[in-house]
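J.: Next up, model.txt (compact mmCIF, N, CA and C atoms and all ligand atoms).
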# COMPACT_ATOMS: atom_id res chain seq x y z
N MET A 1 144.40 134.86 135.84
CA MET A 1 145.05 135.85 134.96
C MET A 1 144.55 135.70 133.54
N ASP A 2 144.58 136.75 132.75
CA ASP A 2 144.09 136.63 131.38
C ASP A 2 145.17 136.04 130.47
N SER A 3 144.77 135.62 129.27
CA SER A 3 145.67 134.87 128.40
C SER A 3 146.82 135.71 127.85
N ASP A 4 146.72 137.04 127.91
CA ASP A 4 147.78 137.91 127.40
C ASP A 4 148.86 138.18 128.44
N ALA A 5 148.68 137.68 129.64
CA ALA A 5 149.61 137.98 130.71
C ALA A 5 151.00 137.44 130.40
N ILE A 6 152.03 138.17 130.87
CA ILE A 6 153.41 137.72 130.74
C ILE A 6 153.85 137.16 132.09
N VAL A 7 154.48 136.00 132.06
CA VAL A 7 154.94 135.39 133.31
C VAL A 7 156.44 135.64 133.45
N CYS A 8 156.84 136.13 134.62
CA CYS A 8 158.25 136.39 134.88
C CYS A 8 159.06 135.09 134.76
N PRO A 9 160.16 135.09 133.99
CA PRO A 9 160.96 133.87 133.83
C PRO A 9 161.71 133.51 135.11
N SER A 10 161.81 134.43 136.02
CA SER A 10 162.56 134.19 137.25
C SER A 10 161.67 133.72 138.40
N CYS A 11 160.58 134.48 138.67
CA CYS A 11 159.77 134.18 139.85
C CYS A 11 158.35 133.73 139.51
N SER A 12 158.03 133.64 138.20
CA SER A 12 156.74 133.12 137.74
C SER A 12 155.55 134.02 138.10
N ARG A 13 155.80 135.22 138.49
CA ARG A 13 154.71 136.15 138.78
C ARG A 13 154.13 136.66 137.45
N ALA A 14 152.79 136.75 137.38
CA ALA A 14 152.12 137.18 136.15
C ALA A 14 151.99 138.70 136.10
N HIS A 15 152.17 139.26 134.88
CA HIS A 15 152.09 140.70 134.69
C HIS A 15 151.23 141.00 133.48
N SER A 16 150.70 142.22 133.40
CA SER A 16 149.96 142.62 132.21
C SER A 16 150.95 142.84 131.07
N PRO A 17 150.49 142.70 129.78
CA PRO A 17 151.41 142.72 128.62
C PRO A 17 152.24 143.98 128.50
N GLU A 18 151.74 145.14 129.00
CA GLU A 18 152.50 146.38 128.82
C GLU A 18 153.66 146.52 129.80
N GLU A 19 153.74 145.65 130.82
CA GLU A 19 154.84 145.71 131.78
C GLU A 19 156.16 145.31 131.08
N ARG A 20 157.25 146.01 131.43
CA ARG A 20 158.56 145.71 130.85
C ARG A 20 159.45 144.92 131.81
N PHE A 21 159.25 145.18 133.11
CA PHE A 21 160.09 144.52 134.12
C PHE A 21 159.22 143.96 135.23
N CYS A 22 159.71 142.88 135.83
CA CYS A 22 158.97 142.26 136.93
C CYS A 22 158.96 143.19 138.15
N GLU A 23 157.75 143.39 138.73
CA GLU A 23 157.64 144.23 139.92
C GLU A 23 158.35 143.60 141.11
N ALA A 24 158.35 142.29 141.17
CA ALA A 24 158.84 141.60 142.36
C ALA A 24 160.37 141.48 142.37
N CYS A 25 160.96 141.09 141.18
CA CYS A 25 162.39 140.79 141.20
C CYS A 25 163.19 141.60 140.17
N GLY A 26 162.49 142.38 139.32
CA GLY A 26 163.19 143.25 138.38
C GLY A 26 163.65 142.59 137.09
N MET A 27 163.31 141.32 136.87
CA MET A 27 163.69 140.64 135.62
C MET A 27 163.00 141.29 134.44
N PRO A 28 163.72 141.47 133.30
CA PRO A 28 163.05 141.93 132.08
C PRO A 28 162.04 140.88 131.62
N LEU A 29 160.86 141.33 131.19
CA LEU A 29 159.81 140.42 130.74
C LEU A 29 159.83 140.33 129.21
N VAL A 30 159.81 139.10 128.69
CA VAL A 30 159.96 138.87 127.25
C VAL A 30 158.69 138.25 126.69
N HIS A 31 158.20 138.81 125.59
CA HIS A 31 157.04 138.23 124.91
C HIS A 31 157.46 136.99 124.13
N GLN A 32 156.54 136.04 124.05
CA GLN A 32 156.77 134.87 123.21
C GLN A 32 156.81 135.29 121.73
N THR A 33 157.77 134.74 120.97
CA THR A 33 157.88 135.12 119.56
C THR A 33 157.65 133.94 118.62
N LEU A 34 157.38 132.76 119.16
CA LEU A 34 157.23 131.58 118.31
C LEU A 34 156.09 131.74 117.31
N VAL A 35 154.97 132.30 117.75
CA VAL A 35 153.83 132.47 116.86
C VAL A 35 154.18 133.39 115.69
N GLU A 36 154.93 134.48 116.00
CA GLU A 36 155.32 135.41 114.95
C GLU A 36 156.25 134.76 113.93
N GLN A 37 157.17 133.92 114.42
CA GLN A 37 158.09 133.24 113.51
C GLN A 37 157.34 132.31 112.57
N ASP A 38 156.33 131.61 113.11
CA ASP A 38 155.54 130.70 112.30
C ASP A 38 154.79 131.47 111.21
N ALA A 39 154.23 132.61 111.56
CA ALA A 39 153.52 133.43 110.59
C ALA A 39 154.49 133.93 109.52
N GLY A 40 155.72 134.26 109.91
CA GLY A 40 156.72 134.72 108.96
C GLY A 40 157.07 133.64 107.95
N GLU A 41 157.15 132.39 108.44
CA GLU A 41 157.42 131.26 107.55
C GLU A 41 156.30 131.10 106.54
N ARG A 42 155.06 131.24 106.98
CA ARG A 42 153.93 131.12 106.05
C ARG A 42 153.96 132.24 105.01
N ARG A 43 154.29 133.47 105.47
CA ARG A 43 154.36 134.57 104.51
C ARG A 43 155.48 134.34 103.49
N ARG A 44 156.62 133.81 103.96
CA ARG A 44 157.74 133.56 103.06
C ARG A 44 157.32 132.57 101.96
N ARG A 45 156.62 131.51 102.36
CA ARG A 45 156.15 130.53 101.39
C ARG A 45 155.13 131.13 100.44
N ALA A 46 154.22 131.93 100.99
CA ALA A 46 153.15 132.49 100.18
C ALA A 46 153.70 133.38 99.08
N ARG A 47 154.83 134.05 99.34
CA ARG A 47 155.41 134.94 98.33
C ARG A 47 155.88 134.18 97.10
N LYS A 48 156.16 132.88 97.25
CA LYS A 48 156.66 132.11 96.11
C LYS A 48 155.58 131.83 95.07
N ILE A 49 154.31 131.87 95.47
CA ILE A 49 153.22 131.52 94.56
C ILE A 49 153.20 132.47 93.36
N LYS A 50 153.15 131.88 92.15
CA LYS A 50 153.08 132.70 90.94
C LYS A 50 151.61 132.95 90.58
N PRO A 51 151.24 134.22 90.40
CA PRO A 51 149.82 134.55 90.15
C PRO A 51 149.25 133.83 88.92
N GLN A 52 150.09 133.58 87.91
CA GLN A 52 149.57 132.94 86.70
C GLN A 52 149.16 131.48 86.93
N TYR A 53 149.54 130.93 88.08
CA TYR A 53 149.18 129.54 88.39
C TYR A 53 147.98 129.45 89.33
N THR A 54 147.29 130.56 89.54
CA THR A 54 146.20 130.54 90.53
C THR A 54 144.83 130.65 89.89
N GLU A 55 144.75 130.55 88.54
CA GLU A 55 143.47 130.76 87.85
C GLU A 55 142.79 129.43 87.52
N GLY A 56 141.48 129.45 87.53
CA GLY A 56 140.70 128.32 87.02
C GLY A 56 140.25 127.33 88.08
N GLU A 57 139.52 126.33 87.60
CA GLU A 57 139.00 125.27 88.46
C GLU A 57 140.14 124.43 89.01
N LEU A 58 139.92 123.82 90.18
CA LEU A 58 140.90 122.89 90.72
C LEU A 58 140.84 121.58 89.93
N VAL A 59 142.01 121.09 89.52
CA VAL A 59 142.09 119.81 88.83
C VAL A 59 143.12 118.93 89.55
N GLN A 60 142.89 117.62 89.49
CA GLN A 60 143.81 116.69 90.16
C GLN A 60 145.02 116.46 89.26
N VAL A 61 146.22 116.59 89.83
CA VAL A 61 147.45 116.35 89.06
C VAL A 61 148.26 115.19 89.62
N ALA A 62 147.95 114.76 90.83
CA ALA A 62 148.74 113.69 91.44
C ALA A 62 147.91 112.99 92.50
N TYR A 63 148.42 111.85 92.91
CA TYR A 63 147.77 111.04 93.90
C TYR A 63 148.84 110.57 94.88
N ALA A 64 148.57 110.69 96.16
CA ALA A 64 149.55 110.30 97.18
C ALA A 64 148.96 109.23 98.09
N GLU A 65 149.83 108.31 98.51
CA GLU A 65 149.36 107.20 99.34
C GLU A 65 149.04 107.64 100.77
N ASN A 66 149.69 108.73 101.20
CA ASN A 66 149.51 109.16 102.59
C ASN A 66 149.86 110.64 102.71
N GLN A 67 149.65 111.18 103.90
CA GLN A 67 149.86 112.61 104.11
C GLN A 67 151.32 113.03 103.90
N PRO A 68 152.32 112.29 104.42
CA PRO A 68 153.72 112.71 104.17
C PRO A 68 154.07 112.78 102.69
N GLU A 69 153.61 111.79 101.90
CA GLU A 69 153.88 111.83 100.46
C GLU A 69 153.16 113.02 99.83
N ALA A 70 151.92 113.26 100.27
CA ALA A 70 151.16 114.40 99.74
C ALA A 70 151.88 115.72 100.03
N GLU A 71 152.42 115.83 101.24
CA GLU A 71 153.11 117.07 101.61
C GLU A 71 154.42 117.22 100.84
N PHE A 72 155.07 116.10 100.54
CA PHE A 72 156.27 116.14 99.71
C PHE A 72 155.93 116.72 98.33
N ILE A 73 154.84 116.21 97.74
CA ILE A 73 154.40 116.70 96.44
C ILE A 73 154.02 118.18 96.53
N ALA A 74 153.31 118.54 97.61
CA ALA A 74 152.88 119.93 97.78
C ALA A 74 154.08 120.87 97.85
N ASN A 75 155.14 120.46 98.57
CA ASN A 75 156.34 121.28 98.67
C ASN A 75 157.04 121.40 97.33
N LEU A 76 157.04 120.29 96.58
CA LEU A 76 157.65 120.28 95.25
C LEU A 76 156.94 121.29 94.34
N LEU A 77 155.60 121.28 94.38
CA LEU A 77 154.82 122.21 93.56
C LEU A 77 155.05 123.65 94.01
N LEU A 78 155.14 123.83 95.33
CA LEU A 78 155.35 125.17 95.86
C LEU A 78 156.69 125.75 95.39
N GLU A 79 157.71 124.87 95.27
CA GLU A 79 159.00 125.32 94.77
C GLU A 79 158.88 125.88 93.36
N GLU A 80 157.89 125.39 92.60
CA GLU A 80 157.66 125.87 91.23
C GLU A 80 156.69 127.06 91.22
N GLY A 81 156.21 127.46 92.39
CA GLY A 81 155.28 128.58 92.48
C GLY A 81 153.84 128.20 92.24
N ILE A 82 153.54 126.88 92.36
CA ILE A 82 152.19 126.41 92.09
C ILE A 82 151.48 126.12 93.41
N PRO A 83 150.37 126.80 93.69
CA PRO A 83 149.62 126.50 94.91
C PRO A 83 148.88 125.18 94.75
N CYS A 84 148.71 124.43 95.81
CA CYS A 84 147.94 123.19 95.67
C CYS A 84 147.12 122.92 96.91
N LEU A 85 146.15 122.04 96.74
CA LEU A 85 145.24 121.66 97.80
C LEU A 85 145.29 120.15 97.92
N LEU A 86 145.41 119.66 99.15
CA LEU A 86 145.41 118.21 99.38
C LEU A 86 144.02 117.79 99.83
N ARG A 87 143.44 116.83 99.12
CA ARG A 87 142.09 116.40 99.46
C ARG A 87 142.10 114.92 99.79
N ASN A 88 141.46 114.58 100.88
CA ASN A 88 141.25 113.18 101.21
C ASN A 88 140.42 112.56 100.10
N SER A 89 140.96 111.51 99.44
CA SER A 89 140.28 110.98 98.26
C SER A 89 139.00 110.24 98.63
N ILE A 90 138.84 109.90 99.91
CA ILE A 90 137.59 109.26 100.34
C ILE A 90 136.48 110.30 100.40
N GLY A 91 136.86 111.56 100.58
CA GLY A 91 135.86 112.63 100.61
C GLY A 91 136.17 113.62 101.70
N GLY A 92 136.01 114.90 101.37
CA GLY A 92 136.21 115.94 102.37
C GLY A 92 137.66 116.39 102.45
N TYR A 93 137.90 117.37 103.30
CA TYR A 93 139.21 117.99 103.40
C TYR A 93 139.81 117.81 104.79
N SER A 94 139.23 116.93 105.59
CA SER A 94 139.69 116.81 106.97
C SER A 94 141.05 116.11 107.02
N PRO A 95 141.91 116.50 107.98
CA PRO A 95 143.26 115.92 108.06
C PRO A 95 143.25 114.55 108.73
N VAL A 96 142.82 113.54 108.01
CA VAL A 96 142.81 112.18 108.55
C VAL A 96 143.77 111.31 107.76
N ILE A 97 144.07 110.15 108.31
CA ILE A 97 144.95 109.19 107.64
C ILE A 97 144.26 108.69 106.38
N GLY A 98 145.06 108.48 105.32
CA GLY A 98 144.49 107.91 104.10
C GLY A 98 145.09 108.54 102.87
N PRO A 99 144.75 107.99 101.70
CA PRO A 99 145.27 108.53 100.45
C PRO A 99 144.78 109.95 100.19
N ARG A 100 145.58 110.69 99.43
CA ARG A 100 145.27 112.09 99.14
C ARG A 100 145.29 112.34 97.63
N GLU A 101 144.37 113.18 97.19
CA GLU A 101 144.45 113.73 95.84
C GLU A 101 145.11 115.09 95.94
N VAL A 102 146.00 115.39 94.99
CA VAL A 102 146.67 116.69 94.95
C VAL A 102 146.02 117.51 93.85
N LEU A 103 145.39 118.62 94.24
CA LEU A 103 144.66 119.47 93.30
C LEU A 103 145.38 120.80 93.11
N VAL A 104 145.41 121.29 91.88
CA VAL A 104 145.97 122.62 91.61
C VAL A 104 145.01 123.37 90.70
N PRO A 105 145.09 124.71 90.66
CA PRO A 105 144.28 125.48 89.72
C PRO A 105 144.60 125.07 88.27
N ALA A 106 143.59 125.11 87.39
CA ALA A 106 143.75 124.64 86.01
C ALA A 106 144.93 125.32 85.31
N SER A 107 145.17 126.61 85.57
CA SER A 107 146.26 127.32 84.89
C SER A 107 147.63 126.82 85.34
N GLY A 108 147.68 126.13 86.49
CA GLY A 108 148.96 125.61 86.97
C GLY A 108 149.12 124.12 86.72
N ALA A 109 148.11 123.47 86.14
CA ALA A 109 148.11 122.01 86.01
C ALA A 109 149.25 121.51 85.12
N GLN A 110 149.46 122.19 83.97
CA GLN A 110 150.49 121.75 83.05
C GLN A 110 151.88 121.85 83.70
N ALA A 111 152.14 122.97 84.33
CA ALA A 111 153.43 123.17 85.01
C ALA A 111 153.59 122.16 86.15
N ALA A 112 152.50 121.86 86.84
CA ALA A 112 152.55 120.91 87.95
C ALA A 112 152.89 119.51 87.44
N ARG A 113 152.25 119.09 86.34
CA ARG A 113 152.51 117.75 85.79
C ARG A 113 153.95 117.65 85.31
N GLU A 114 154.46 118.74 84.69
CA GLU A 114 155.85 118.73 84.24
C GLU A 114 156.81 118.64 85.42
N ALA A 115 156.51 119.38 86.50
CA ALA A 115 157.36 119.37 87.68
C ALA A 115 157.39 117.96 88.30
N LEU A 116 156.24 117.31 88.34
CA LEU A 116 156.15 115.99 88.96
C LEU A 116 156.79 114.93 88.05
N ALA A 117 156.62 115.07 86.74
CA ALA A 117 157.22 114.11 85.80
C ALA A 117 158.73 114.21 85.86
N PHE A 118 159.23 115.46 85.97
CA PHE A 118 160.67 115.67 86.08
C PHE A 118 161.20 115.03 87.34
N GLN A 119 160.46 115.22 88.44
CA GLN A 119 160.90 114.69 89.73
C GLN A 119 160.98 113.17 89.71
N ARG A 120 160.03 112.53 89.03
CA ARG A 120 159.96 111.07 89.05
C ARG A 120 160.78 110.44 87.92
N GLY A 121 161.41 111.27 87.08
CA GLY A 121 162.23 110.75 86.00
C GLY A 121 161.39 110.18 84.89
ZN ZN B 1 160.02 138.16 138.85
Transcribe the structure of this file into structure tokens.

T.:
Amino acid sequence: MDSDAIVCPSCSRAHSPEERFCEACGMPLVHQTLVEQDAGERRRRARKIKPQYTEGELVQVAYAENQPEAEFIANLLLEEGIPCLLRNSIGGYSPVIGPREVLVPASGAQAAREALAFQRG
């Protein structure tokens, strides 16, 4: 069967995506919605970004010991509307274990440093 097929939740028979009901047992066929919800979450976050913070070269504003700390900082910056990029400080952008540099556009660097200074007291 092709990857778009819908599987009946009752009898596991595969159907083409345009089918509404199972031919064999009459069960209503439901499309998976998890992917759409995930995309909605990304769109919701993307709307928070302030355009004035997206200009200029990327500059480092913070350093994180590991990916969870880096993501904490990234979420903090996102709350302020500042987009950021997490870079493996050893080199490259691959999602591997290790320290991270937190980079933001130059126009958002001042706001980012203030947000992080406030957070850390
Ligand atoms: Zn069925």

J.: Taking all atoms listed in the file into account, which residues are within 6.5 Å of ligand ZN 1 (chain B), as a PyMOL selection string?

T.: chain A and resi 8-13+22-27

J.: So that all listed atoms of stretch 95-109 of chain A fit with 4 Å spare on each side, what axis-aligned box centre and edge lengths in Å, to one decimal, would you give as lines of an AutoDock Vina configuration file?

T.:
center_x = 145.6
center_y = 117.6
center_z = 96.8
size_x = 15.3
size_y = 27.4
size_z = 31.8

J.: Identify, on the basis of only C-alpha atoms, every residue whose closest approach to stretch 48-61 of chain A does not exceed 12 Å; exclude the query and any residue fewer than 4 positions from it along the same chain; express the result as an MDAnalysis selection string.

T.: chainID A and resid 41:44 70 73:89 100:117

J.: What's the separation between atom CA of A:Phe21 and atom N of A:Asp4, in Å to one decimal place?

T.: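 Here the two named atoms are 16.5 Å from each other.
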
J.: Between atom N of A:Phe118 and atom N of A:Gly98, what is the distance in Å, rounded to a tenth?

T.: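 Between atom N of A:Phe118 and atom N of A:Gly98 the gap works out to 25.0 Å.
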
J.: Generate all heavy atoms for stretch 66-77 of chain A and emit them as a PDB file, keeping the file's coordinate frame.

T.:
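File written: rebuild_22.pdb
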ATOM      1  N   ASN A  66     149.690 108.730 101.200  1.00  0.00           N
ATOM      2  CA  ASN A  66     149.510 109.160 102.590  1.00  0.00           C
ATOM      3  C   ASN A  66     149.860 110.640 102.710  1.00  0.00           C
ATOM      4  O   ASN A  66     150.331 111.255 101.761  1.00  0.00           O
ATOM      5  CB  ASN A  66     150.375 108.315 103.530  1.00  0.00           C
ATOM      6  CG  ASN A  66     151.818 108.238 103.043  1.00  0.00           C
ATOM      7  OD1 ASN A  66     152.417 109.248 102.686  1.00  0.00           O
ATOM      8  ND2 ASN A  66     152.361 107.038 102.990  1.00  0.00           N
ATOM      9  N   GLN A  67     149.650 111.180 103.900  1.00  0.00           N
ATOM     10  CA  GLN A  67     149.860 112.610 104.110  1.00  0.00           C
ATOM     11  C   GLN A  67     151.320 113.030 103.900  1.00  0.00           C
ATOM     12  O   GLN A  67     151.579 114.050 103.242  1.00  0.00           O
ATOM     13  CB  GLN A  67     149.364 113.006 105.504  1.00  0.00           C
ATOM     14  CG  GLN A  67     149.479 114.473 105.830  1.00  0.00           C
ATOM     15  CD  GLN A  67     148.557 115.347 104.998  1.00  0.00           C
ATOM     16  OE1 GLN A  67     147.621 114.857 104.377  1.00  0.00           O
ATOM     17  NE2 GLN A  67     148.831 116.636 104.965  1.00  0.00           N
ATOM     18  N   PRO A  68     152.320 112.290 104.420  1.00  0.00           N
ATOM     19  CA  PRO A  68     153.720 112.710 104.170  1.00  0.00           C
ATOM     20  C   PRO A  68     154.070 112.780 102.690  1.00  0.00           C
ATOM     21  O   PRO A  68     154.751 113.711 102.253  1.00  0.00           O
ATOM     22  CB  PRO A  68     154.545 111.640 104.893  1.00  0.00           C
ATOM     23  CG  PRO A  68     153.644 111.153 105.976  1.00  0.00           C
ATOM     24  CD  PRO A  68     152.253 111.192 105.383  1.00  0.00           C
ATOM     25  N   GLU A  69     153.610 111.790 101.900  1.00  0.00           N
ATOM     26  CA  GLU A  69     153.880 111.830 100.460  1.00  0.00           C
ATOM     27  C   GLU A  69     153.160 113.020  99.830  1.00  0.00           C
ATOM     28  O   GLU A  69     153.707 113.704  98.962  1.00  0.00           O
ATOM     29  CB  GLU A  69     153.416 110.518  99.807  1.00  0.00           C
ATOM     30  CG  GLU A  69     153.798 110.440  98.335  1.00  0.00           C
ATOM     31  CD  GLU A  69     153.318 109.160  97.665  1.00  0.00           C
ATOM     32  OE1 GLU A  69     153.089 108.165  98.369  1.00  0.00           O
ATOM     33  OE2 GLU A  69     153.179 109.175  96.434  1.00  0.00           O
ATOM     34  N   ALA A  70     151.920 113.260 100.270  1.00  0.00           N
ATOM     35  CA  ALA A  70     151.160 114.400  99.740  1.00  0.00           C
ATOM     36  C   ALA A  70     151.880 115.720 100.030  1.00  0.00           C
ATOM     37  O   ALA A  70     151.942 116.601  99.182  1.00  0.00           O
ATOM     38  CB  ALA A  70     149.759 114.405 100.334  1.00  0.00           C
ATOM     39  N   GLU A  71     152.420 115.830 101.240  1.00  0.00           N
ATOM     40  CA  GLU A  71     153.110 117.070 101.610  1.00  0.00           C
ATOM     41  C   GLU A  71     154.420 117.220 100.840  1.00  0.00           C
ATOM     42  O   GLU A  71     154.824 118.328 100.498  1.00  0.00           O
ATOM     43  CB  GLU A  71     153.364 117.093 103.125  1.00  0.00           C
ATOM     44  CG  GLU A  71     152.085 117.336 103.895  1.00  0.00           C
ATOM     45  CD  GLU A  71     152.269 117.310 105.399  1.00  0.00           C
ATOM     46  OE1 GLU A  71     153.408 117.083 105.852  1.00  0.00           O
ATOM     47  OE2 GLU A  71     151.285 117.513 106.103  1.00  0.00           O
ATOM     48  N   PHE A  72     155.070 116.100 100.540  1.00  0.00           N
ATOM     49  CA  PHE A  72     156.270 116.140  99.710  1.00  0.00           C
ATOM     50  C   PHE A  72     155.930 116.720  98.330  1.00  0.00           C
ATOM     51  O   PHE A  72     156.628 117.591  97.810  1.00  0.00           O
ATOM     52  CB  PHE A  72     156.861 114.733  99.582  1.00  0.00           C
ATOM     53  CG  PHE A  72     158.067 114.668  98.678  1.00  0.00           C
ATOM     54  CD1 PHE A  72     159.319 115.013  99.146  1.00  0.00           C
ATOM     55  CD2 PHE A  72     157.936 114.266  97.352  1.00  0.00           C
ATOM     56  CE1 PHE A  72     160.426 114.971  98.309  1.00  0.00           C
ATOM     57  CE2 PHE A  72     159.041 114.219  96.510  1.00  0.00           C
ATOM     58  CZ  PHE A  72     160.285 114.567  96.991  1.00  0.00           C
ATOM     59  N   ILE A  73     154.840 116.210  97.740  1.00  0.00           N
ATOM     60  CA  ILE A  73     154.400 116.700  96.440  1.00  0.00           C
ATOM     61  C   ILE A  73     154.020 118.180  96.530  1.00  0.00           C
ATOM     62  O   ILE A  73     154.383 118.996  95.675  1.00  0.00           O
ATOM     63  CB  ILE A  73     153.217 115.872  95.926  1.00  0.00           C
ATOM     64  CG1 ILE A  73     153.682 114.440  95.629  1.00  0.00           C
ATOM     65  CG2 ILE A  73     152.598 116.509  94.676  1.00  0.00           C
ATOM     66  CD1 ILE A  73     152.555 113.471  95.315  1.00  0.00           C
ATOM     67  N   ALA A  74     153.310 118.540  97.610  1.00  0.00           N
ATOM     68  CA  ALA A  74     152.880 119.930  97.780  1.00  0.00           C
ATOM     69  C   ALA A  74     154.080 120.870  97.850  1.00  0.00           C
ATOM     70  O   ALA A  74     154.083 121.937  97.237  1.00  0.00           O
ATOM     71  CB  ALA A  74     152.040 120.052  99.053  1.00  0.00           C
ATOM     72  N   ASN A  75     155.140 120.460  98.570  1.00  0.00           N
ATOM     73  CA  ASN A  75     156.340 121.280  98.670  1.00  0.00           C
ATOM     74  C   ASN A  75     157.040 121.400  97.330  1.00  0.00           C
ATOM     75  O   ASN A  75     157.574 122.448  96.972  1.00  0.00           O
ATOM     76  CB  ASN A  75     157.299 120.700  99.715  1.00  0.00           C
ATOM     77  CG  ASN A  75     156.837 121.004 101.128  1.00  0.00           C
ATOM     78  OD1 ASN A  75     156.212 122.036 101.379  1.00  0.00           O
ATOM     79  ND2 ASN A  75     157.128 120.105 102.040  1.00  0.00           N
ATOM     80  N   LEU A  76     157.040 120.290  96.580  1.00  0.00           N
ATOM     81  CA  LEU A  76     157.650 120.280  95.250  1.00  0.00           C
ATOM     82  C   LEU A  76     156.940 121.290  94.340  1.00  0.00           C
ATOM     83  O   LEU A  76     157.587 122.075  93.638  1.00  0.00           O
ATOM     84  CB  LEU A  76     157.532 118.867  94.676  1.00  0.00           C
ATOM     85  CG  LEU A  76     158.338 118.545  93.435  1.00  0.00           C
ATOM     86  CD1 LEU A  76     159.801 118.439  93.790  1.00  0.00           C
ATOM     87  CD2 LEU A  76     157.843 117.233  92.840  1.00  0.00           C
ATOM     88  N   LEU A  77     155.600 121.280  94.380  1.00  0.00           N
ATOM     89  CA  LEU A  77     154.820 122.210  93.560  1.00  0.00           C
ATOM     90  C   LEU A  77     155.050 123.650  94.010  1.00  0.00           C
ATOM     91  O   LEU A  77     155.161 124.558  93.191  1.00  0.00           O
ATOM     92  CB  LEU A  77     153.336 121.845  93.630  1.00  0.00           C
ATOM     93  CG  LEU A  77     152.977 120.486  93.029  1.00  0.00           C
ATOM     94  CD1 LEU A  77     151.493 120.203  93.219  1.00  0.00           C
ATOM     95  CD2 LEU A  77     153.338 120.428  91.551  1.00  0.00           C
TER      96      LEU A  77
END
